[in-house]
file input-v6.txt (compact mmCIF, C-alpha atoms)
# COMPACT_ATOMS: atom_id res chain seq x y z
CA MET T 10 112.05 113.54 10.24
CA THR T 11 114.79 116.14 10.45
CA SER T 12 117.84 116.00 12.66
CA THR T 13 119.63 118.74 14.57
CA SER T 14 122.28 116.49 16.14
CA THR T 15 125.87 117.61 16.15
CA SER T 16 126.80 113.93 15.83
CA GLU T 17 125.60 113.82 12.23
CA THR T 18 122.54 111.63 12.61
CA SER T 19 121.46 110.48 9.18
CA ASP T 20 118.29 109.68 7.31
CA LEU T 21 115.66 107.88 9.34
CA ARG T 22 112.56 106.77 7.47
CA ASP T 23 110.17 107.41 10.34
CA GLU T 24 109.85 107.68 14.08
CA ARG T 25 109.37 103.93 14.43
CA GLU T 26 112.87 103.35 13.06
CA ALA T 27 114.29 105.83 15.55
CA GLN T 28 112.45 104.03 18.34
CA ALA T 29 113.78 100.66 17.23
CA ILE T 30 117.38 101.88 17.07
CA ALA T 31 117.05 103.59 20.46
CA VAL T 32 115.97 100.33 22.11
CA GLU T 33 118.81 98.47 20.37
CA ALA T 34 121.25 101.09 21.67
CA TYR T 35 119.95 100.85 25.22
CA ILE T 36 120.32 97.05 25.20
CA TYR T 37 123.72 97.12 23.49
CA LEU T 38 125.19 99.58 26.00
CA TYR T 39 123.63 98.08 29.15
CA PRO T 40 126.47 95.62 29.99
CA LEU T 41 129.12 98.33 29.64
CA VAL T 42 127.31 100.70 32.01
CA MET T 43 126.54 97.84 34.41
CA MET T 44 130.17 96.80 34.57
CA ASP T 45 131.39 100.30 35.32
CA ALA T 46 128.73 100.92 37.96
CA THR T 47 129.73 97.62 39.57
CA ARG T 48 133.43 98.46 39.35
CA ARG T 49 133.01 101.90 40.89
CA GLN T 50 131.10 100.51 43.85
CA MET T 51 133.29 97.46 44.45
CA THR T 52 136.60 99.35 44.31
CA ASN T 53 135.52 102.39 46.34
CA VAL T 54 136.60 100.68 49.56
CA GLU T 55 139.94 100.25 51.29
CA ALA T 56 141.24 96.68 51.52
CA GLY T 57 139.74 94.62 54.32
CA GLN T 58 136.81 96.92 55.08
CA GLN T 59 134.10 95.05 53.16
CA VAL T 60 134.01 91.39 52.15
CA GLY T 61 134.76 90.97 48.44
CA PHE T 62 135.37 94.71 47.93
CA GLY T 63 138.68 96.53 47.68
CA PRO T 64 141.00 98.74 45.60
CA MET T 65 141.76 98.06 41.97
CA ASN T 66 144.79 95.90 41.14
CA THR T 67 144.51 93.74 44.23
CA PHE T 68 142.52 90.63 45.11
CA SER T 69 139.63 90.82 47.57
CA HIS T 70 138.60 87.43 48.89
CA ILE T 71 135.40 85.94 50.22
CA ARG T 72 136.62 83.54 52.90
CA THR T 73 133.44 81.65 53.84
CA PHE T 74 130.15 80.54 52.35
CA PRO T 75 127.40 83.11 52.86
CA PRO T 76 125.34 82.71 56.05
CA ALA T 77 121.62 81.97 55.85
CA GLU T 78 120.69 85.62 56.36
CA PHE T 79 122.83 86.76 53.40
CA LYS T 80 120.62 88.63 50.90
CA ALA T 81 123.03 90.91 49.04
CA VAL T 82 123.42 88.73 45.91
CA PRO T 83 120.99 86.03 44.71
CA TRP T 84 121.97 82.47 43.78
CA PRO T 85 125.14 82.20 45.93
CA ASN T 86 127.07 79.00 45.43
CA PHE T 87 128.34 76.57 48.07
CA ASP T 88 130.98 74.94 45.89
CA THR T 89 133.69 77.59 45.63
CA LEU T 90 135.06 80.63 47.42
CA TYR T 91 135.45 83.80 45.40
CA SER T 92 138.50 85.99 44.80
CA SER T 93 137.71 89.22 42.96
CA ALA T 94 140.03 91.78 41.39
CA TRP T 95 139.52 94.73 39.06
CA LEU T 96 142.53 95.39 36.84
CA ASP T 97 143.53 98.83 35.57
CA LEU T 98 145.78 98.45 32.53
CA THR T 99 145.96 102.13 31.62
CA GLU T 100 149.56 102.45 32.88
CA GLU T 101 151.10 99.09 32.03
CA PRO T 102 150.45 95.33 31.90
CA LEU T 103 149.63 93.52 35.12
CA ILE T 104 150.81 90.01 35.92
CA VAL T 105 148.18 87.85 37.61
CA SER T 106 149.79 84.92 39.42
CA ALA T 107 148.23 81.72 40.70
CA PRO T 108 149.88 79.26 43.11
CA ASP T 109 150.29 75.53 42.66
CA THR T 110 146.89 74.27 43.85
CA GLY T 111 147.96 70.63 44.09
CA GLY T 112 145.28 69.51 41.66
CA ARG T 113 142.52 71.56 43.25
CA TYR T 114 140.03 72.97 40.75
CA TYR T 115 140.13 76.73 40.30
CA LEU T 116 139.44 79.25 37.57
CA LEU T 117 140.28 82.92 37.06
CA PRO T 118 137.91 84.22 34.37
CA LEU T 119 138.97 87.60 32.98
CA GLU T 120 135.94 89.61 31.89
CA ASP T 121 136.23 92.71 29.73
CA MET T 122 134.04 95.78 30.21
CA TRP T 123 131.47 94.44 27.75
CA THR T 124 131.13 91.29 29.95
CA ASP T 125 132.89 89.00 27.48
CA VAL T 126 135.30 86.50 29.03
CA VAL T 127 138.72 87.05 27.48
CA ALA T 128 140.56 84.11 29.04
CA VAL T 129 140.15 81.59 31.86
CA PRO T 130 143.39 80.48 33.51
CA GLY T 131 142.65 77.48 35.70
CA LYS T 132 142.66 73.73 36.00
CA ARG T 133 140.81 73.06 32.74
CA THR T 134 143.03 75.29 30.60
CA SER T 135 146.47 76.02 32.04
CA GLY T 136 146.53 73.32 34.74
CA THR T 137 147.08 73.57 38.48
CA ASP T 138 150.83 74.21 38.57
CA ALA T 139 151.84 77.73 39.59
CA GLY T 140 151.31 80.16 36.71
CA ASP T 141 151.92 83.79 35.79
CA PHE T 142 149.66 85.55 33.27
CA ALA T 143 150.43 89.01 31.92
CA VAL T 144 147.23 90.87 31.09
CA VAL T 145 148.24 93.48 28.52
CA PRO T 146 146.27 96.45 27.15
CA LEU T 147 145.15 96.76 23.55
CA GLY T 148 148.05 97.36 21.19
CA TRP T 149 150.78 96.90 23.80
CA GLN T 150 154.18 95.87 22.47
CA GLY T 151 157.00 94.87 24.72
CA GLU T 152 158.95 92.05 26.33
CA LEU T 153 157.53 89.80 29.02
CA PRO T 154 159.57 87.88 31.60
CA THR T 155 160.43 84.31 30.81
CA GLY T 156 157.61 81.90 31.62
CA VAL T 157 154.90 84.58 31.80
CA LYS T 158 151.96 83.87 29.48
CA ARG T 159 150.39 86.78 27.59
CA ILE T 160 146.66 87.57 27.66
CA ASP T 161 145.49 90.47 25.47
CA ALA T 162 142.67 92.51 26.99
CA PRO T 163 140.33 94.41 24.62
CA THR T 164 139.46 96.99 27.31
CA PRO T 165 141.76 98.76 29.78
CA TYR T 166 139.68 97.60 32.75
CA VAL T 167 139.20 93.88 33.35
CA TRP T 168 137.35 92.04 36.11
CA VAL T 169 138.87 88.81 37.45
CA ILE T 170 136.22 86.71 39.19
CA GLY T 171 138.21 83.85 40.67
CA ARG T 172 136.65 80.71 42.10
CA THR T 173 138.41 77.98 44.10
CA GLN T 174 136.90 74.56 44.81
CA THR T 175 135.80 74.34 48.44
CA ASN T 176 134.73 71.03 49.93
CA GLY T 177 132.71 72.40 52.83
CA PRO T 178 133.70 74.58 55.81
CA ASP T 179 136.30 72.04 56.97
CA ASP T 180 138.20 72.86 53.76
CA TYR T 181 138.43 76.61 54.39
CA ASP T 182 142.04 76.65 55.64
CA ALA T 183 143.33 74.89 52.53
CA VAL T 184 141.33 77.17 50.25
CA HIS T 185 142.59 80.27 52.04
CA GLN T 186 146.15 79.20 51.25
CA VAL T 187 145.24 79.08 47.57
CA GLN T 188 143.49 82.45 47.74
CA ASP T 189 146.51 84.02 49.42
CA GLY T 190 148.60 82.80 46.50
CA PHE T 191 146.62 84.85 43.97
CA THR T 192 148.62 88.04 43.37
CA ILE T 193 148.73 91.00 40.96
CA THR T 194 152.05 92.62 40.07
CA PRO T 195 152.68 95.58 37.74
CA LEU T 196 155.11 94.54 35.03
CA SER T 197 157.56 97.25 36.10
CA ARG T 198 157.72 95.73 39.59
CA TRP T 199 158.08 92.11 38.56
CA GLY T 200 160.54 90.35 40.85
CA GLN T 201 160.33 93.03 43.53
CA MET T 202 158.62 93.06 46.90
CA PRO T 203 154.86 93.70 46.62
CA GLN T 204 153.55 97.10 47.56
CA PRO T 205 150.22 97.72 49.31
CA VAL T 206 147.48 99.15 47.12
CA THR T 207 145.21 101.90 48.39
CA ALA T 208 141.78 102.84 47.12
CA THR T 209 140.90 106.21 45.63
CA ILE T 210 137.70 106.96 47.50
CA ASP T 211 135.06 108.83 45.51
CA PRO T 212 132.40 110.23 47.88
CA THR T 213 129.93 110.63 45.01
CA VAL T 214 129.64 106.87 44.45
CA ASP T 215 126.37 105.38 45.69
CA MET T 216 127.55 102.59 47.99
CA THR T 217 124.11 101.41 49.15
CA THR T 218 122.01 101.02 45.98
CA ARG T 219 122.77 97.89 43.99
CA PRO T 220 124.23 98.62 40.53
CA VAL T 221 121.25 97.05 38.75
CA GLU T 222 118.90 99.36 40.62
CA GLN T 223 121.10 102.34 39.83
CA LEU T 224 120.97 101.53 36.13
CA ASN T 225 117.28 100.80 35.99
CA GLN T 226 116.49 104.12 37.64
CA MET T 227 118.84 106.14 35.44
CA PRO T 228 117.13 108.57 33.00
CA ALA T 229 118.00 108.36 29.32
CA ALA T 230 120.06 111.56 29.24
CA ALA T 231 122.36 110.37 32.01
CA TYR T 232 122.48 106.76 30.79
CA PHE T 233 123.48 107.47 27.21
CA ALA T 234 125.91 110.22 28.21
CA TYR T 235 127.56 107.83 30.69
CA ALA T 236 127.82 105.11 28.06
CA ALA T 237 129.32 107.51 25.53
CA GLU T 238 132.08 108.51 27.95
CA LEU T 239 132.78 104.85 28.71
CA MET T 240 133.13 104.05 25.00
CA LYS T 241 135.96 106.60 24.77
CA HIS T 242 138.01 104.32 27.02
CA HIS T 243 136.53 100.87 26.34
CA PRO T 244 136.22 100.43 22.58
CA PRO T 245 133.45 98.29 21.14
CA HIS T 246 134.36 94.90 19.74
CA VAL T 247 135.40 94.66 16.10
CA THR T 248 132.24 92.70 15.27
CA ASP T 249 130.00 95.56 16.47
CA TRP T 250 130.26 97.67 13.30
CA SER T 251 126.65 97.18 12.26
CA ILE T 252 125.03 98.18 15.56
CA LEU T 253 127.42 101.14 15.81
CA ALA T 254 126.37 102.31 12.33
CA ARG T 255 122.74 102.22 13.41
CA MET T 256 123.45 104.03 16.67
CA GLN T 257 125.26 106.78 14.82
CA ARG T 258 122.01 107.57 13.02
CA ILE T 259 120.49 108.69 16.33
CA GLY T 260 123.53 110.59 17.53
CA ILE T 261 125.52 108.00 19.50
CA GLU T 262 129.07 107.47 18.27
CA PRO T 263 132.10 105.85 19.94
CA GLY T 264 134.76 108.36 20.90
CA LYS T 265 132.36 111.29 21.16
CA SER T 266 130.46 112.76 24.07
CA PHE T 267 126.68 112.66 23.98
CA ASP T 268 124.10 115.30 24.83
CA ILE T 269 120.48 114.32 24.36
CA GLU T 270 119.42 117.98 24.25
CA THR T 271 121.14 118.47 20.88
CA LEU T 272 118.92 115.92 19.13
CA ASP T 273 115.80 116.11 17.04
CA PRO T 274 112.79 115.99 19.44
CA ALA T 275 111.59 112.71 17.95
CA ILE T 276 114.95 111.04 18.53
CA LYS T 277 115.11 112.48 22.03
CA GLN T 278 111.68 111.03 22.76
CA ALA T 279 112.74 107.66 21.31
CA LEU T 280 115.75 107.55 23.63
CA ASN T 281 113.63 108.46 26.64
CA ASP T 282 111.15 105.71 25.77
CA ALA T 283 113.97 103.21 25.21
CA VAL T 284 114.72 103.02 28.94
CA THR T 285 111.41 101.33 29.73
CA ALA T 286 111.24 99.37 26.48
CA GLY T 287 114.79 98.07 26.81
CA GLN T 288 114.29 96.90 30.37
CA GLN T 289 111.01 95.24 29.43
CA ALA T 290 112.75 93.37 26.59
CA MET T 291 115.47 92.11 28.93
CA LYS T 292 113.02 90.98 31.61
CA ALA T 293 110.88 89.21 29.03
CA ASN T 294 113.99 87.44 27.74
CA VAL T 295 114.92 85.89 31.10
CA PRO T 296 112.74 82.75 30.65
CA ARG T 297 114.20 82.28 27.17
CA LEU T 298 117.87 82.34 28.15
CA GLY T 299 118.24 78.57 28.19
CA ARG T 300 116.89 75.52 26.39
CA PRO T 301 113.96 73.90 28.25
CA ILE T 302 114.90 70.30 29.11
CA ASN T 303 112.79 68.22 31.50
CA GLY T 304 111.63 71.37 33.26
CA TRP T 305 115.17 72.80 33.54
CA GLN T 306 116.59 75.81 31.73
CA VAL T 307 119.97 74.71 30.35
CA ASN T 308 122.02 77.64 29.18
CA ALA T 309 125.01 76.41 27.21
CA ASP T 310 125.06 78.58 24.08
CA THR T 311 126.94 81.89 23.71
CA MET T 312 127.55 82.12 27.45
CA GLY T 313 130.48 84.23 28.57
CA VAL T 314 131.39 85.11 24.96
CA TYR T 315 128.30 86.56 23.32
CA GLY T 316 129.27 87.69 19.83
CA ASN T 317 126.40 89.80 18.55
CA HIS T 318 123.80 88.27 20.86
CA TYR T 319 123.29 91.65 22.47
CA LEU T 320 119.93 90.96 24.11
CA LYS T 321 121.25 87.84 25.82
CA ARG T 322 124.37 89.68 26.96
CA ALA T 323 122.31 92.52 28.40
CA THR T 324 119.80 90.19 30.04
CA LEU T 325 122.55 88.32 31.84
CA ALA T 326 124.15 91.60 32.91
CA MET T 327 120.82 92.57 34.44
CA VAL T 328 120.37 89.19 36.17
CA GLY T 329 123.97 89.16 37.42
CA VAL T 330 127.28 89.92 35.72
CA GLY T 331 130.00 87.31 35.79
CA SER T 332 128.84 84.40 33.60
CA ASN T 333 131.34 81.66 32.76
CA PRO T 334 131.85 80.08 29.35
CA PRO T 335 130.00 76.75 29.19
CA GLU T 336 133.25 74.80 28.91
CA ASP T 337 134.03 75.89 32.48
CA ALA T 338 130.59 75.65 34.06
CA ILE T 339 126.93 75.14 33.15
CA TYR T 340 124.12 75.96 35.55
CA PRO T 341 120.74 74.28 34.84
CA LEU T 342 117.92 75.99 36.75
CA THR T 343 114.36 74.89 37.42
CA PHE T 344 111.29 76.24 39.19
CA ALA T 345 109.01 73.37 38.12
CA ASP T 346 108.49 69.64 38.59
CA ALA T 347 108.08 66.98 35.90
CA ASP T 348 104.45 68.03 35.36
CA GLY T 349 105.35 71.69 34.94
CA LYS T 350 103.90 72.67 38.31
CA PRO T 351 105.82 75.18 40.47
CA LEU T 352 108.16 73.65 43.03
CA SER T 353 106.98 74.15 46.61
CA GLY T 354 108.17 73.08 50.02
CA GLU T 355 104.61 71.94 50.69
CA ASN T 356 105.43 68.90 48.54
CA ASP T 357 108.14 66.22 48.61
CA TYR T 358 110.32 65.65 45.55
CA VAL T 359 112.94 63.22 44.28
CA LEU T 360 115.69 63.99 41.81
CA HIS T 361 116.69 60.57 40.46
CA PHE T 362 119.88 59.86 38.53
CA ASP T 363 120.34 56.46 36.90
CA ARG T 364 123.84 55.05 37.28
CA HIS T 365 124.77 56.00 33.72
CA GLU T 366 123.05 59.40 33.92
CA LEU T 367 124.96 61.03 36.77
CA PRO T 368 126.18 64.48 35.71
CA PRO T 369 129.24 63.96 33.47
CA VAL T 370 131.91 66.42 34.58
CA GLU T 371 135.68 66.63 34.69
CA ALA T 372 135.60 68.53 37.99
CA PHE T 373 132.51 68.20 40.22
CA TRP T 374 128.76 68.86 40.36
CA SER T 375 126.18 69.98 42.88
CA VAL T 376 122.49 70.76 43.33
CA THR T 377 121.47 73.77 45.44
CA VAL T 378 118.02 74.67 46.76
CA TYR T 379 116.83 78.29 47.07
CA ASP T 380 113.64 80.16 47.70
CA GLN T 381 111.95 81.63 44.61
CA GLU T 382 114.05 84.81 44.90
CA GLY T 383 117.32 82.90 44.75
CA PHE T 384 118.29 83.00 48.43
CA GLN T 385 119.13 80.20 50.83
CA VAL T 386 116.85 79.49 53.76
CA ALA T 387 117.99 78.47 57.24
CA ASN T 388 117.47 74.77 58.05
CA PRO T 389 118.45 72.33 60.83
CA LEU T 390 121.40 70.89 58.88
CA ASN T 391 122.69 74.25 57.65
CA ARG T 392 122.73 72.55 54.24
CA SER T 393 121.80 74.26 50.98
CA ALA T 394 123.67 72.08 48.49
CA LEU T 395 124.56 68.45 47.82
CA GLY T 396 126.93 67.01 45.25
CA ASP T 397 129.44 64.36 44.32
CA ARG T 398 131.91 65.54 47.01
CA ASP T 399 129.40 64.80 49.78
CA ALA T 400 128.94 61.47 51.56
CA LEU T 401 125.89 60.53 49.50
CA ARG T 402 124.18 57.15 49.73
CA TYR T 403 123.89 55.46 46.36
CA ASP T 404 121.45 52.67 45.57
CA PRO T 405 122.82 49.14 45.05
CA ASP T 406 122.54 49.56 41.28
CA GLY T 407 124.64 52.74 41.40
CA SER T 408 121.74 55.13 40.92
CA LEU T 409 121.21 58.16 43.14
CA ASP T 410 118.17 59.82 44.68
CA LEU T 411 118.24 63.30 46.15
CA PHE T 412 115.29 64.13 48.39
CA ILE T 413 114.07 67.73 48.22
CA GLN T 414 111.50 68.39 50.92
CA HIS T 415 110.83 70.54 53.97
CA GLU T 416 110.62 67.78 56.58
CA ASN T 417 113.50 65.45 57.42
CA PRO T 418 112.96 62.19 55.45
CA GLY T 419 114.46 60.09 58.26
CA PRO T 420 117.92 58.73 59.15
CA GLU T 421 118.11 56.38 56.17
CA ARG T 422 117.71 59.25 53.74
CA GLU T 423 119.15 62.21 55.60
CA ALA T 424 122.53 62.00 53.81
CA ASN T 425 120.70 62.72 50.53
CA TRP T 426 118.28 65.32 51.92
CA LEU T 427 118.17 68.86 50.60
CA PRO T 428 116.06 70.80 53.12
CA ALA T 429 113.53 72.89 51.22
CA PRO T 430 111.99 76.19 52.30
CA PRO T 431 108.30 76.00 53.23
CA GLY T 432 107.07 77.97 50.22
CA ALA T 433 108.02 78.36 46.54
CA LEU T 434 111.52 77.15 45.69
CA ALA T 435 114.05 76.73 42.91
CA LEU T 436 116.81 74.22 42.18
CA PHE T 437 120.15 75.18 40.69
CA MET T 438 122.45 72.47 39.31
CA ARG T 439 126.11 73.38 38.85
CA LEU T 440 128.33 71.35 36.51
CA TYR T 441 132.00 72.36 36.68
CA ALA T 442 134.13 71.52 33.62
CA PRO T 443 131.23 69.66 31.98
CA LYS T 444 132.07 66.90 29.53
CA PRO T 445 131.20 67.20 25.79
CA GLU T 446 127.92 65.33 26.18
CA VAL T 447 126.66 68.13 28.42
CA LEU T 448 127.80 70.83 26.01
CA ASP T 449 126.23 69.24 22.94
CA GLY T 450 123.00 68.14 24.64
CA ARG T 451 123.47 64.37 24.68
CA TRP T 452 123.17 64.43 28.48
CA GLU T 453 120.01 65.88 29.96
CA PRO T 454 119.22 66.69 33.60
CA PRO T 455 116.41 64.48 34.93
CA ALA T 456 113.03 65.93 35.78
CA VAL T 457 112.14 66.67 39.40
CA LEU T 458 109.53 64.11 40.46
CA ARG T 459 106.80 64.97 42.96
CA VAL T 460 106.14 62.10 45.38
CA THR T 461 103.46 63.66 47.63
call {"tool": "encode", "arguments": {"input": "input-v6.txt", "output": "structure tokens"}}
result
Amino acid sequence: MTSTSTSETSDLRDEREAQAIAVEAYIYLYPLVMMDATRRQMTNVEAGQQVGFGPMNTFSHIRTFPPAEFKAVPWPNFDTLYSSAWLDLTEEPLIVSAPDTGGRYYLLPLEDMWTDVVAVPGKRTSGTDAGDFAVVPLGWQGELPTGVKRIDAPTPYVWVIGRTQTNGPDDYDAVHQVQDGFTITPLSRWGQMPQPVTATIDPTVDMTTRPVEQLNQMPAAAYFAYAAELMKHHPPHVTDWSILARMQRIGIEPGKSFDIETLDPAIKQALNDAVTAGQQAMKANVPRLGRPINGWQVNADTMGVYGNHYLKRATLAMVGVGSNPPEDAIYPLTFADADGKPLSGENDYVLHFDRHELPPVEAFWSVTVYDQEGFQVANPLNRSALGDRDALRYDPDGSLDLFIQHENPGPEREANWLPAPPGALALFMRLYAPKPEVLDGRWEPPAVLRVT
């Protein structure tokens, strides 16, 4: 194989090696492109015009749980309300402030443009007193105000995906007070009155197609060129040397623009083929993301901070960006009962916890029911989740049964009833601030038992 790349591609033994590197490159770069596509869409809106969207350097809040007809994002939770902000550190550090939440659980994960969580201010880490956190760009040197904690960001854009504990709709007013206390202040304006932030509207941004669909439809030439431009501003992690060395052999190099037309035809073909092959690899990896335990997928390893687990990082970016480190939250998921058969609303199920096997958490836990696509389904109780903050009925011995079924199980069991959709369904368990026995596998979620 010869090479005509202006990026100094080097010796490749055969076309199969070029194909392998091209797929690795597609997977490696996927989270970076996904994050920027998400950022461009979410920040291309003036404040207050679209729920959860708004200009950079300001918080945009989701004030209620999603209604039953909500289909924009799968697997919505009914435990917290979200507060989202995209930070632009290209001019100066930004100080993210949180109010005193009075002991209420919250977290403000800061995710870099490669989807790694840099820091998580919140109850588990910094406590619930008021706090100020200066997010500073790479290499910044300077003085910070007294009492402001420093967080170093490896990329000049950072996504803050805040979550605040919400104990049902009756709790909204209290949560809104917490959300209103989340602020972002440029360092140069610290101590001054806040200024409104306006969006820079780009009419070329596709505001209707979901970012994942935009990426998956993007041809190789556009995809790799886009990624190359992003790497000029968002440097790879220091542990990425090896994959970068391999990518350079097919013409992709951080800090340089990329043009597929300058490459050897075999490399060009490998990059074109990598789009389909890379997506196939990520989709095939979805069932392998977590450890199988009693029919559940328990994903507690390398979550939120991925190291060189590039396929896992890319797979999660495709499924939905914004994963938390396991120390903050773990989300077991199941589509099957104890016998391995698919869960269905045609059957009745029990999720039984012995007294000593209730989910061990420092914060709280819940179980949510969805259809097989990850969406809630309307039901008479308007209930999609149950957890330890609900008025559950425990057995005399301290054990707990949750009833997952389509029909109401009767007044004696209604407090513990999770109304199931009529067809295929899934269960999502959420464990916030899980204890060590969850993290190391000593605690296991019980199997879902079919009773009819």
call {"tool": "atom_distance", "arguments": {"input": "input-v6.txt", "atom1": "CA of Glu423 (chain T)", "atom2": "CA of Glu453 (chain T)"}}
result
25.9 Å
call {"tool": "closest_residue", "arguments": {"input": "input-v6.txt", "among": "T:His70, T:Arg159, T:Arg439, T:Arg49", "to": "Ala338 (chain T)", "atoms": "only C-alpha atoms"}}
result
T:Arg439
call {"tool": "closest_residue", "arguments": {"input": "input-v6.txt", "among": "T:Ala279, T:Leu21, T:Ala435, T:Ile413", "to": "Val460 (chain T)", "atoms": "only C-alpha atoms"}}
result
T:Ile413
call {"tool": "atom_distance", "arguments": {"input": "input-v6.txt", "atom1": "CA of Glu24 (chain T)", "atom2": "CA of Leu280 (chain T)"}}
result
11.2 Å
call {"tool": "closest_residue", "arguments": {"input": "input-v6.txt", "among": "T:Ser266, T:Thr194, T:Thr209, T:Thr89", "to": "Tyr235 (chain T)", "atoms": "all atoms listed in the file"}}
result
T:Ser266
call {"tool": "residues_around", "arguments": {"input": "input-v6.txt", "residues": "region 170-179 of chain T", "least_positions_apart": "3", "cutoff": "10 Å", "atoms": "only C-alpha atoms", "output": "JSON, numbers by chain"}}
result
{"T": [68, 69, 70, 71, 72, 73, 74, 87, 88, 89, 90, 91, 92, 93, 94, 95, 110, 113, 114, 115, 116, 117, 118, 119, 120, 129, 130, 131, 167, 182, 183, 184, 185, 187, 188, 191, 331, 332, 333, 372, 373, 396, 398, 399, 441]}
call {"tool": "closest_residue", "arguments": {"input": "input-v6.txt", "among": "T:Arg451, T:Lys292, T:His318, T:Arg392", "to": "Ala424 (chain T)", "atoms": "only C-alpha atoms"}}
result
T:Arg392
call {"tool": "residues_around", "arguments": {"input": "input-v6.txt", "residues": "Arg459 (chain T)", "least_positions_apart": "4", "cutoff": "8 Å", "atoms": "all atoms listed in the file", "output": "ChimeraX atom specification"}}
result
/T:346-347,356-359
call {"tool": "closest_residue", "arguments": {"input": "input-v6.txt", "among": "T:Leu411, T:Leu395, T:Ala345, T:Val60", "to": "Ala456 (chain T)", "atoms": "only C-alpha atoms"}}
result
T:Ala345
call {"tool": "atom_distance", "arguments": {"input": "input-v6.txt", "atom1": "CA of Val328 (chain T)", "atom2": "CA of Val54 (chain T)"}}
result
24.0 Å
call {"tool": "residues_around", "arguments": {"input": "input-v6.txt", "residues": "region 136-140 of chain T", "least_positions_apart": "2", "cutoff": "9 Å", "atoms": "only C-alpha atoms", "output": "PyMOL selection string"}}
result
chain T and resi 105-115+130-134+142+156-158
call {"tool": "residues_around", "arguments": {"input": "input-v6.txt", "residues": "region 425-433 of chain T", "least_positions_apart": "6", "cutoff": "8 Å", "atoms": "all atoms listed in the file", "output": "PyMOL selection string"}}
result
chain T and resi 351-355+377-381+386+388+390+392-395+401-402+410-418
call {"tool": "residues_around", "arguments": {"input": "input-v6.txt", "residues": "region 322-324 of chain T", "least_positions_apart": "3", "cutoff": "9 Å", "atoms": "all atoms listed in the file", "output": "PyMOL selection string"}}
result
chain T and resi 36-40+123-125+288+290-292+294-295+298+311-319+327-329
call {"tool": "axis_aligned_box", "arguments": {"input": "input-v6.txt", "around": "region 180-189 of chain T", "padding_each_side": "8 Å", "output": "AutoDock Vina command-line options"}}
result
--center_x 142.4 --center_y 78.4 --center_z 51.6 --size_x 24.3 --size_y 27.2 --size_z 24.1
call {"tool": "closest_residue", "arguments": {"input": "input-v6.txt", "among": "T:Glu382, T:Gln257, T:Asn391, T:Arg25", "to": "Pro76 (chain T)", "atoms": "only C-alpha atoms"}}
result
T:Asn391
